[in-house]
>>> print(open('coords33.cif').read())   # mmCIF, C-alpha atoms; chains and numbers go by the auth columns
data_start
#
loop_
_atom_site.group_PDB
_atom_site.id
_atom_site.type_symbol
_atom_site.label_atom_id
_atom_site.label_comp_id
_atom_site.label_asym_id
_atom_site.label_seq_id
_atom_site.Cartn_x
_atom_site.Cartn_y
_atom_site.Cartn_z
_atom_site.B_iso_or_equiv
_atom_site.auth_seq_id
_atom_site.auth_asym_id
ATOM 1 C CA MET A 1 -63.195 -68.525 -126.037 0.00 999 A
ATOM 2 C CA LYS A 2 -61.874 -66.508 -128.967 0.00 1000 A
ATOM 3 C CA ARG A 3 -59.884 -64.388 -126.588 0.00 1001 A
ATOM 4 C CA ILE A 4 -58.283 -67.456 -125.006 0.00 1002 A
ATOM 5 C CA ALA A 5 -57.362 -68.889 -128.412 0.00 1003 A
ATOM 6 C CA LEU A 6 -55.968 -65.529 -129.520 0.00 1004 A
ATOM 7 C CA SER A 7 -53.926 -65.229 -126.309 0.00 1005 A
ATOM 8 C CA LEU A 8 -52.492 -68.736 -126.789 0.00 1006 A
ATOM 9 C CA MET A 9 -51.538 -67.956 -130.377 0.00 1007 A
ATOM 10 C CA THR A 10 -49.843 -64.715 -129.295 0.00 1008 A
ATOM 11 C CA ILE A 11 -47.852 -66.555 -126.609 0.00 1009 A
ATOM 12 C CA ALA A 12 -46.816 -69.233 -129.108 0.00 1010 A
ATOM 13 C CA ALA A 13 -45.703 -66.634 -131.668 0.00 1011 A
ATOM 14 C CA VAL A 14 -43.594 -64.765 -129.065 0.00 1012 A
ATOM 15 C CA ALA A 15 -42.005 -68.065 -127.947 0.00 1013 A
ATOM 16 C CA ILE A 16 -41.114 -68.996 -131.527 0.00 1014 A
ATOM 17 C CA MET A 17 -39.566 -65.570 -132.183 0.00 1015 A
ATOM 18 C CA ALA A 18 -37.601 -65.685 -128.910 0.00 1016 A
ATOM 19 C CA THR A 19 -36.240 -69.152 -129.760 0.00 1017 A
ATOM 20 C CA GLY A 20 -35.227 -68.052 -133.240 0.00 1018 A
ATOM 21 C CA ALA A 21 -33.571 -64.897 -131.914 0.00 1019 A
ATOM 22 C CA THR A 22 -31.403 -66.812 -129.433 0.00 1020 A
ATOM 23 C CA SER A 23 -30.287 -69.688 -131.654 0.00 1021 A
ATOM 24 C CA ALA A 24 -26.646 -69.659 -132.779 0.00 1022 A
ATOM 25 C CA TYR A 25 -25.369 -70.236 -136.234 0.00 1023 A
ATOM 26 C CA PHE A 26 -22.198 -71.914 -134.908 0.00 1024 A
ATOM 27 C CA SER A 27 -21.666 -74.050 -131.817 0.00 1025 A
ATOM 28 C CA ASP A 28 -18.953 -76.277 -130.407 0.00 1026 A
ATOM 29 C CA THR A 29 -18.203 -78.451 -127.367 0.00 1027 A
ATOM 30 C CA ALA A 30 -15.055 -79.519 -125.558 0.00 1028 A
ATOM 31 C CA ALA A 31 -14.589 -82.454 -123.171 0.00 1029 A
ATOM 32 C CA ILE A 32 -12.395 -83.249 -120.203 0.00 1030 A
ATOM 33 C CA LYS A 33 -12.154 -87.020 -120.444 0.00 1031 A
ATOM 34 C CA GLY A 34 -10.801 -89.866 -118.365 0.00 1032 A
ATOM 35 C CA ASN A 35 -10.962 -88.302 -114.908 0.00 1033 A
ATOM 36 C CA THR A 36 -9.453 -90.771 -112.415 0.00 1034 A
ATOM 37 C CA PHE A 37 -9.184 -90.884 -108.637 0.00 1035 A
ATOM 38 C CA SER A 38 -6.710 -93.425 -107.230 0.00 1036 A
ATOM 39 C CA THR A 39 -5.346 -93.886 -103.752 0.00 1037 A
ATOM 40 C CA GLY A 40 -1.685 -94.535 -103.037 0.00 1038 A
ATOM 41 C CA THR A 41 -0.148 -97.616 -101.456 0.00 1039 A
ATOM 42 C CA LEU A 42 1.783 -97.931 -98.215 0.00 1040 A
ATOM 43 C CA GLU A 43 3.539 -101.283 -97.863 0.00 1041 A
ATOM 44 C CA LEU A 44 5.742 -102.016 -94.875 0.00 1042 A
ATOM 45 C CA ARG A 45 7.990 -105.043 -94.692 0.00 1043 A
ATOM 46 C CA VAL A 46 10.438 -106.393 -92.150 0.00 1044 A
ATOM 47 C CA ASN A 47 13.662 -107.749 -93.610 0.00 1045 A
ATOM 48 C CA ARG A 48 11.962 -107.619 -97.044 0.00 1046 A
ATOM 49 C CA GLN A 49 9.077 -109.841 -95.909 0.00 1047 A
ATOM 50 C CA PRO A 50 5.494 -109.069 -94.835 0.00 1048 A
ATOM 51 C CA THR A 51 6.017 -111.312 -91.784 0.00 1049 A
ATOM 52 C CA VAL A 52 9.173 -112.701 -90.181 0.00 1050 A
ATOM 53 C CA ALA A 53 9.759 -115.108 -87.320 0.00 1051 A
ATOM 54 C CA GLY A 54 10.517 -113.532 -83.973 0.00 1052 A
ATOM 55 C CA ALA A 55 13.524 -114.213 -81.803 0.00 1053 A
ATOM 56 C CA VAL A 56 13.481 -117.257 -79.516 0.00 1054 A
ATOM 57 C CA PHE A 57 15.292 -116.987 -76.206 0.00 1055 A
ATOM 58 C CA THR A 58 15.632 -120.129 -74.071 0.00 1056 A
ATOM 59 C CA ALA A 59 17.231 -120.995 -70.745 0.00 1057 A
ATOM 60 C CA VAL A 60 17.057 -117.400 -69.559 0.00 1058 A
ATOM 61 C CA ALA A 61 17.933 -116.849 -65.901 0.00 1059 A
ATOM 62 C CA PRO A 62 17.112 -113.810 -63.766 0.00 1060 A
ATOM 63 C CA GLY A 63 19.537 -111.035 -64.669 0.00 1061 A
ATOM 64 C CA ASP A 64 20.226 -112.394 -68.186 0.00 1062 A
ATOM 65 C CA MET A 65 19.708 -110.017 -71.113 0.00 1063 A
ATOM 66 C CA LYS A 66 18.891 -111.448 -74.541 0.00 1064 A
ATOM 67 C CA THR A 67 18.996 -109.249 -77.646 0.00 1065 A
ATOM 68 C CA SER A 68 17.121 -109.817 -80.886 0.00 1066 A
ATOM 69 C CA PRO A 69 18.693 -109.518 -84.304 0.00 1067 A
ATOM 70 C CA VAL A 70 18.322 -106.137 -85.986 0.00 1068 A
ATOM 71 C CA TYR A 71 15.005 -105.935 -87.803 0.00 1069 A
ATOM 72 C CA ASN A 72 15.014 -103.722 -90.864 0.00 1070 A
ATOM 73 C CA ILE A 73 11.580 -102.073 -91.258 0.00 1071 A
ATOM 74 C CA GLN A 74 11.171 -100.940 -94.856 0.00 1072 A
ATOM 75 C CA ASN A 75 8.743 -98.686 -96.665 0.00 1073 A
ATOM 76 C CA TYR A 76 8.785 -101.088 -99.580 0.00 1074 A
ATOM 77 C CA GLY A 77 8.867 -98.787 -102.608 0.00 1075 A
ATOM 78 C CA ALA A 78 11.261 -97.316 -105.128 0.00 1076 A
ATOM 79 C CA PRO A 79 14.094 -96.488 -105.422 0.00 1077 A
ATOM 80 C CA TRP A 80 15.739 -99.199 -103.253 0.00 1078 A
ATOM 81 C CA PHE A 81 12.947 -101.763 -102.969 0.00 1079 A
ATOM 82 C CA GLY A 82 10.746 -103.205 -105.678 0.00 1080 A
ATOM 83 C CA GLY A 83 7.409 -102.948 -103.915 0.00 1081 A
ATOM 84 C CA PRO A 84 4.370 -100.885 -104.793 0.00 1082 A
ATOM 85 C CA SER A 85 4.667 -98.445 -101.882 0.00 1083 A
ATOM 86 C CA ASN A 86 4.435 -94.866 -103.100 0.00 1084 A
ATOM 87 C CA LEU A 87 3.243 -93.145 -99.913 0.00 1085 A
ATOM 88 C CA THR A 88 5.337 -91.815 -97.049 0.00 1086 A
ATOM 89 C CA ALA A 89 4.746 -93.293 -93.598 0.00 1087 A
ATOM 90 C CA ASN A 90 4.387 -90.246 -91.357 0.00 1088 A
ATOM 91 C CA LYS A 91 3.813 -92.398 -88.295 0.00 1089 A
ATOM 92 C CA LEU A 92 5.429 -95.709 -87.391 0.00 1090 A
ATOM 93 C CA PHE A 93 4.191 -97.578 -84.337 0.00 1091 A
ATOM 94 C CA LEU A 94 5.268 -100.742 -82.519 0.00 1092 A
ATOM 95 C CA ARG A 95 2.942 -102.660 -80.225 0.00 1093 A
ATOM 96 C CA VAL A 96 2.647 -106.056 -78.574 0.00 1094 A
ATOM 97 C CA SER A 97 0.005 -108.391 -79.954 0.00 1095 A
ATOM 98 C CA ASN A 98 -1.289 -111.796 -78.826 0.00 1096 A
ATOM 99 C CA PRO A 99 0.610 -112.001 -75.526 0.00 1097 A
ATOM 100 C CA ASN A 100 0.334 -115.440 -73.973 0.00 1098 A
ATOM 101 C CA ASP A 101 2.163 -116.279 -70.791 0.00 1099 A
ATOM 102 C CA PHE A 102 0.486 -119.670 -70.370 0.00 1100 A
ATOM 103 C CA GLY A 103 -0.295 -118.771 -66.751 0.00 1101 A
ATOM 104 C CA SER A 104 3.386 -118.323 -65.989 0.00 1102 A
ATOM 105 C CA GLY A 105 3.444 -114.827 -64.512 0.00 1103 A
ATOM 106 C CA LEU A 106 6.236 -113.779 -66.905 0.00 1104 A
ATOM 107 C CA TRP A 107 3.966 -111.147 -68.497 0.00 1105 A
ATOM 108 C CA ASP A 108 4.134 -109.226 -65.221 0.00 1106 A
ATOM 109 C CA ALA A 109 7.908 -109.609 -64.843 0.00 1107 A
ATOM 110 C CA VAL A 110 9.675 -109.495 -68.243 0.00 1108 A
ATOM 111 C CA LYS A 111 11.212 -106.174 -69.238 0.00 1109 A
ATOM 112 C CA VAL A 112 12.130 -104.963 -72.720 0.00 1110 A
ATOM 113 C CA LYS A 113 14.399 -102.289 -74.144 0.00 1111 A
ATOM 114 C CA VAL A 114 13.540 -101.115 -77.693 0.00 1112 A
ATOM 115 C CA GLU A 115 16.212 -99.338 -79.735 0.00 1113 A
ATOM 116 C CA VAL A 116 16.075 -97.806 -83.220 0.00 1114 A
ATOM 117 C CA GLY A 117 18.559 -96.560 -85.780 0.00 1115 A
ATOM 118 C CA ARG A 118 19.007 -95.934 -89.484 0.00 1116 A
ATOM 119 C CA LEU A 119 22.614 -96.768 -90.240 0.00 1117 A
ATOM 120 C CA SER A 120 22.833 -100.448 -91.148 0.00 1118 A
ATOM 121 C CA GLY A 121 21.897 -101.734 -87.730 0.00 1119 A
ATOM 122 C CA ALA A 122 23.728 -99.149 -85.617 0.00 1120 A
ATOM 123 C CA MET A 123 21.266 -98.388 -82.836 0.00 1121 A
ATOM 124 C CA GLN A 124 21.161 -94.693 -82.094 0.00 1122 A
ATOM 125 C CA TYR A 125 18.206 -94.214 -79.771 0.00 1123 A
ATOM 126 C CA THR A 126 16.592 -96.100 -76.897 0.00 1124 A
ATOM 127 C CA LEU A 127 12.855 -95.487 -77.152 0.00 1125 A
ATOM 128 C CA TYR A 128 11.586 -97.671 -74.333 0.00 1126 A
ATOM 129 C CA ASP A 129 13.024 -99.526 -71.371 0.00 1127 A
ATOM 130 C CA GLY A 130 10.441 -101.004 -69.025 0.00 1128 A
ATOM 131 C CA LYS A 131 7.942 -103.796 -68.521 0.00 1129 A
ATOM 132 C CA LEU A 132 6.831 -105.454 -71.736 0.00 1130 A
ATOM 133 C CA LYS A 133 3.203 -105.397 -70.583 0.00 1131 A
ATOM 134 C CA ASN A 134 3.343 -101.591 -70.133 0.00 1132 A
ATOM 135 C CA LEU A 135 4.744 -100.836 -73.580 0.00 1133 A
ATOM 136 C CA GLY A 136 1.401 -99.887 -75.155 0.00 1134 A
ATOM 137 C CA THR A 137 1.939 -98.286 -78.561 0.00 1135 A
ATOM 138 C CA LEU A 138 5.466 -97.014 -79.145 0.00 1136 A
ATOM 139 C CA ASP A 139 6.208 -94.344 -81.746 0.00 1137 A
ATOM 140 C CA LEU A 140 9.344 -95.538 -83.560 0.00 1138 A
ATOM 141 C CA PHE A 141 9.993 -91.990 -84.831 0.00 1139 A
ATOM 142 C CA GLN A 142 9.701 -90.562 -81.298 0.00 1140 A
ATOM 143 C CA GLY A 143 11.601 -87.285 -81.464 0.00 1141 A
ATOM 144 C CA HIS A 144 14.170 -88.442 -84.030 0.00 1142 A
ATOM 145 C CA TRP A 145 12.646 -88.783 -87.485 0.00 1143 A
ATOM 146 C CA ALA A 146 9.562 -87.371 -89.112 0.00 1144 A
ATOM 147 C CA SER A 147 8.802 -89.940 -91.794 0.00 1145 A
ATOM 148 C CA LEU A 148 9.731 -93.088 -93.662 0.00 1146 A
ATOM 149 C CA ILE A 149 9.655 -92.289 -97.376 0.00 1147 A
ATOM 150 C CA PRO A 150 9.249 -95.057 -99.968 0.00 1148 A
ATOM 151 C CA GLY A 151 12.530 -96.933 -100.337 0.00 1149 A
ATOM 152 C CA SER A 152 13.868 -96.018 -96.901 0.00 1150 A
ATOM 153 C CA THR A 153 14.324 -98.051 -93.725 0.00 1151 A
ATOM 154 C CA GLN A 154 14.181 -97.924 -89.956 0.00 1152 A
ATOM 155 C CA ASP A 155 16.238 -100.428 -87.973 0.00 1153 A
ATOM 156 C CA MET A 156 14.950 -101.812 -84.685 0.00 1154 A
ATOM 157 C CA LYS A 157 16.170 -104.294 -82.123 0.00 1155 A
ATOM 158 C CA TYR A 158 15.004 -105.200 -78.668 0.00 1156 A
ATOM 159 C CA THR A 159 16.533 -106.671 -75.563 0.00 1157 A
ATOM 160 C CA VAL A 160 14.423 -108.739 -73.154 0.00 1158 A
ATOM 161 C CA TYR A 161 15.367 -109.564 -69.610 0.00 1159 A
ATOM 162 C CA LEU A 162 14.061 -110.858 -66.339 0.00 1160 A
ATOM 163 C CA PRO A 163 15.289 -108.576 -63.550 0.00 1161 A
ATOM 164 C CA ASP A 164 17.407 -110.143 -60.839 0.00 1162 A
ATOM 165 C CA SER A 165 15.156 -109.093 -57.998 0.00 1163 A
ATOM 166 C CA GLY A 166 14.952 -111.644 -55.244 0.00 1164 A
ATOM 167 C CA ASP A 167 13.435 -115.108 -55.446 0.00 1165 A
ATOM 168 C CA GLN A 168 12.141 -115.806 -58.980 0.00 1166 A
ATOM 169 C CA THR A 169 11.601 -119.550 -58.364 0.00 1167 A
ATOM 170 C CA ALA A 170 7.919 -119.313 -59.318 0.00 1168 A
ATOM 171 C CA LEU A 171 8.969 -118.210 -62.837 0.00 1169 A
ATOM 172 C CA MET A 172 11.344 -121.125 -63.447 0.00 1170 A
ATOM 173 C CA GLY A 173 10.566 -123.258 -66.526 0.00 1171 A
ATOM 174 C CA LYS A 174 7.826 -120.902 -67.806 0.00 1172 A
ATOM 175 C CA THR A 175 7.180 -119.518 -71.301 0.00 1173 A
ATOM 176 C CA LEU A 176 5.900 -116.177 -72.589 0.00 1174 A
ATOM 177 C CA THR A 177 5.083 -115.582 -76.266 0.00 1175 A
ATOM 178 C CA TRP A 178 3.994 -112.440 -78.100 0.00 1176 A
ATOM 179 C CA ASP A 179 4.007 -110.827 -81.524 0.00 1177 A
ATOM 180 C CA TRP A 180 5.383 -107.441 -82.464 0.00 1178 A
ATOM 181 C CA VAL A 181 3.170 -105.454 -84.822 0.00 1179 A
ATOM 182 C CA VAL A 182 4.676 -102.555 -86.760 0.00 1180 A
ATOM 183 C CA GLU A 183 2.050 -100.205 -88.144 0.00 1181 A
ATOM 184 C CA GLY A 184 2.711 -97.383 -90.578 0.00 1182 A
ATOM 185 C CA ARG A 185 0.268 -94.536 -91.187 0.00 1183 A
ATOM 186 C CA THR A 186 0.257 -91.794 -93.755 0.00 1184 A
ATOM 187 C CA SER A 187 -0.994 -89.148 -91.348 0.00 1185 A
#
>>> encode(input="coords33.cif", output="structure tokens")
Amino acid sequence: MKRIALSLMTIAAVAIMATGATSAYFSDTAAIKGNTFSTGTLELRVNRQPTVAGAVFTAVAPGDMKTSPVYNIQNYGAPWFGGPSNLTANKLFLRVSNPNDFGSGLWDAVKVKVEVGRLSGAMQYTLYDGKLKNLGTLDLFQGHWASLIPGSTQDMKYTVYLPDSGDQTALMGKTLTWDWVVEGRTS
């Protein structure tokens, strides 16, 4: 028992000496404060609005072509726009949403031509010309531009038409509605 007590005392004495030998007379600390992680904002608008009314074409006959106004798609940030967008849109897509042909058959027949540009409405490129129902997702930068930086714009217009291809009597007096959705992505 004495040996155990003596061993414990020896261990304690060595521990005390080791602690005293490694203590510092001076010490100091420094801090890196206020670390923050924030994501950026991408805000797209059309004609300076989050949502705008689409074009309405009435009394269209087979062979008629009706063209929308020019829609100005904006990455709504500085320096030209006052929005919070501070991220670049590296991808810009157009797709059809909520198509409703009310049983008319127009969804299978109506064609659309989508054009884009960047010079105050001057259309420079035709990106799609085919059936509206086959449009899928259309890349509005397709081979022409790489990005839409904050404060810049992309102009778009579309032309819709019903081909003049034989008897279209079954389509007379019918209505087709749909939404365009423009989606911007940062990668």
>>> resolve_selection(input="coords33.cif", expression="the PyMOL selection byres ((chain A and resi 1055) around 12)", output="list of chain:residue names")
A:Gly1052, A:Ala1053, A:Val1054, A:Thr1056, A:Ala1057, A:Val1058, A:Ala1059, A:Asp1062, A:Met1063, A:Lys1064, A:Thr1065, A:Ser1066, A:Pro1067, A:Thr1157, A:Val1158, A:Tyr1159, A:Leu1160, A:Lys1172, A:Thr1173, A:Leu1174, A:Thr1175
>>> resolve_selection(input="coords33.cif", expression="the PyMOL selection byres ((chain A and resi 1119-1134) around 7)", output="PyMOL selection string")
chain A and resi 1068+1093+1105-1118+1135-1136+1153
>>> write_last_selection(input="coords33.cif", atoms="C-alpha atoms", output="PDB file, in the coordinates of the input")
ATOM      1  CA  VAL A1068      18.322-106.137 -85.986  1.00  0.00           C
ATOM      2  CA  ARG A1093       2.942-102.660 -80.225  1.00  0.00           C
ATOM      3  CA  TRP A1105       3.966-111.147 -68.497  1.00  0.00           C
ATOM      4  CA  ASP A1106       4.134-109.226 -65.221  1.00  0.00           C
ATOM      5  CA  ALA A1107       7.908-109.609 -64.843  1.00  0.00           C
ATOM      6  CA  VAL A1108       9.675-109.495 -68.243  1.00  0.00           C
ATOM      7  CA  LYS A1109      11.212-106.174 -69.238  1.00  0.00           C
ATOM      8  CA  VAL A1110      12.130-104.963 -72.720  1.00  0.00           C
ATOM      9  CA  LYS A1111      14.399-102.289 -74.144  1.00  0.00           C
ATOM     10  CA  VAL A1112      13.540-101.115 -77.693  1.00  0.00           C
ATOM     11  CA  GLU A1113      16.212 -99.338 -79.735  1.00  0.00           C
ATOM     12  CA  VAL A1114      16.075 -97.806 -83.220  1.00  0.00           C
ATOM     13  CA  GLY A1115      18.559 -96.560 -85.780  1.00  0.00           C
ATOM     14  CA  ARG A1116      19.007 -95.934 -89.484  1.00  0.00           C
ATOM     15  CA  LEU A1117      22.614 -96.768 -90.240  1.00  0.00           C
ATOM     16  CA  SER A1118      22.833-100.448 -91.148  1.00  0.00           C
ATOM     17  CA  THR A1135       1.939 -98.286 -78.561  1.00  0.00           C
ATOM     18  CA  LEU A1136       5.466 -97.014 -79.145  1.00  0.00           C
ATOM     19  CA  ASP A1153      16.238-100.428 -87.973  1.00  0.00           C
TER      20      ASP A1153
END
>>> atom_distance(input="coords33.cif", atom1="atom CA of Leu1146 of chain A", atom2="atom CA of Ala1051 of chain A")
22.9 Å
>>> residues_around(input="coords33.cif", residues="Gly1149 of chain A", least_positions_apart="6", cutoff="12 Å", atoms="all atoms listed in the file", output="CSV table (one decimal) with C-alpha atoms, in the frame of the given file")
chain,number,residue,atom,x,y,z
A,1040,LEU,CA,1.8,-97.9,-98.2
A,1041,GLU,CA,3.5,-101.3,-97.9
A,1042,LEU,CA,5.7,-102.0,-94.9
A,1043,ARG,CA,8.0,-105.0,-94.7
A,1046,ARG,CA,12.0,-107.6,-97.0
A,1070,ASN,CA,15.0,-103.7,-90.9
A,1071,ILE,CA,11.6,-102.1,-91.3
A,1072,GLN,CA,11.2,-100.9,-94.9
A,1073,ASN,CA,8.7,-98.7,-96.7
A,1074,TYR,CA,8.8,-101.1,-99.6
A,1075,GLY,CA,8.9,-98.8,-102.6
A,1076,ALA,CA,11.3,-97.3,-105.1
A,1077,PRO,CA,14.1,-96.5,-105.4
A,1078,TRP,CA,15.7,-99.2,-103.3
A,1079,PHE,CA,12.9,-101.8,-103.0
A,1080,GLY,CA,10.7,-103.2,-105.7
A,1081,GLY,CA,7.4,-102.9,-103.9
A,1082,PRO,CA,4.4,-100.9,-104.8
A,1083,SER,CA,4.7,-98.4,-101.9
A,1084,ASN,CA,4.4,-94.9,-103.1
A,1085,LEU,CA,3.2,-93.1,-99.9
A,1086,THR,CA,5.3,-91.8,-97.0
A,1087,ALA,CA,4.7,-93.3,-93.6
>>> closest_residue(input="coords33.cif", among="A:Asp1162, A:Ala1028, A:Gly1182, A:Ala1168", to="Lys1089 of chain A", atoms="all atoms listed in the file")
A:Gly1182
>>> atom_distance(input="coords33.cif", atom1="atom CA of Leu1090 of chain A", atom2="atom CA of Ser1145 of chain A")
8.0 Å
>>> atom_distance(input="coords33.cif", atom1="atom CA of Ser1163 of chain A", atom2="atom CA of Gly1061 of chain A")
8.2 Å
>>> closest_residue(input="coords33.cif", among="A:Thr1037, A:Val1044, A:Trp1143, A:Pro1161", to="Trp1178 of chain A", atoms="only C-alpha atoms")
A:Val1044
>>> axis_aligned_box(input="coords33.cif", around="segment 1159-1170 of chain A", padding_each_side="3 Å", output="JSON")
{"center_x": 12.7, "center_y": -114.9, "center_z": -62.4, "size_x": 15.5, "size_y": 18.5, "size_z": 20.4}
>>> closest_residue(input="coords33.cif", among="A:Ile1009, A:Ile1030, A:Asp1137, A:Leu1169", to="Gly1103 of chain A", atoms="only C-alpha atoms")
A:Leu1169
>>> closest_residue(input="coords33.cif", among="A:Val1180, A:Leu1092, A:Leu1104, A:Ala1029", to="Thr1167 of chain A", atoms="only C-alpha atoms")
A:Leu1104
>>> closest_residue(input="coords33.cif", among="A:Lys1031, A:Leu1138, A:Pro1060, A:Arg1001", to="Asp1165 of chain A", atoms="only C-alpha atoms")
A:Pro1060
>>> residues_around(input="coords33.cif", residues="Val1094 of chain A", least_positions_apart="6", cutoff="7 Å", atoms="only C-alpha atoms", output="PyMOL selection string")
chain A and resi 1176-1179
>>> write_last_selection(input="coords33.cif", atoms="C-alpha atoms", output="tab-separated table (two decimals), keeping the file's coordinate frame")
chain	number	residue	atom	x	y	z
A	1176	TRP	CA	3.99	-112.44	-78.10
A	1177	ASP	CA	4.01	-110.83	-81.52
A	1178	TRP	CA	5.38	-107.44	-82.46
A	1179	VAL	CA	3.17	-105.45	-84.82
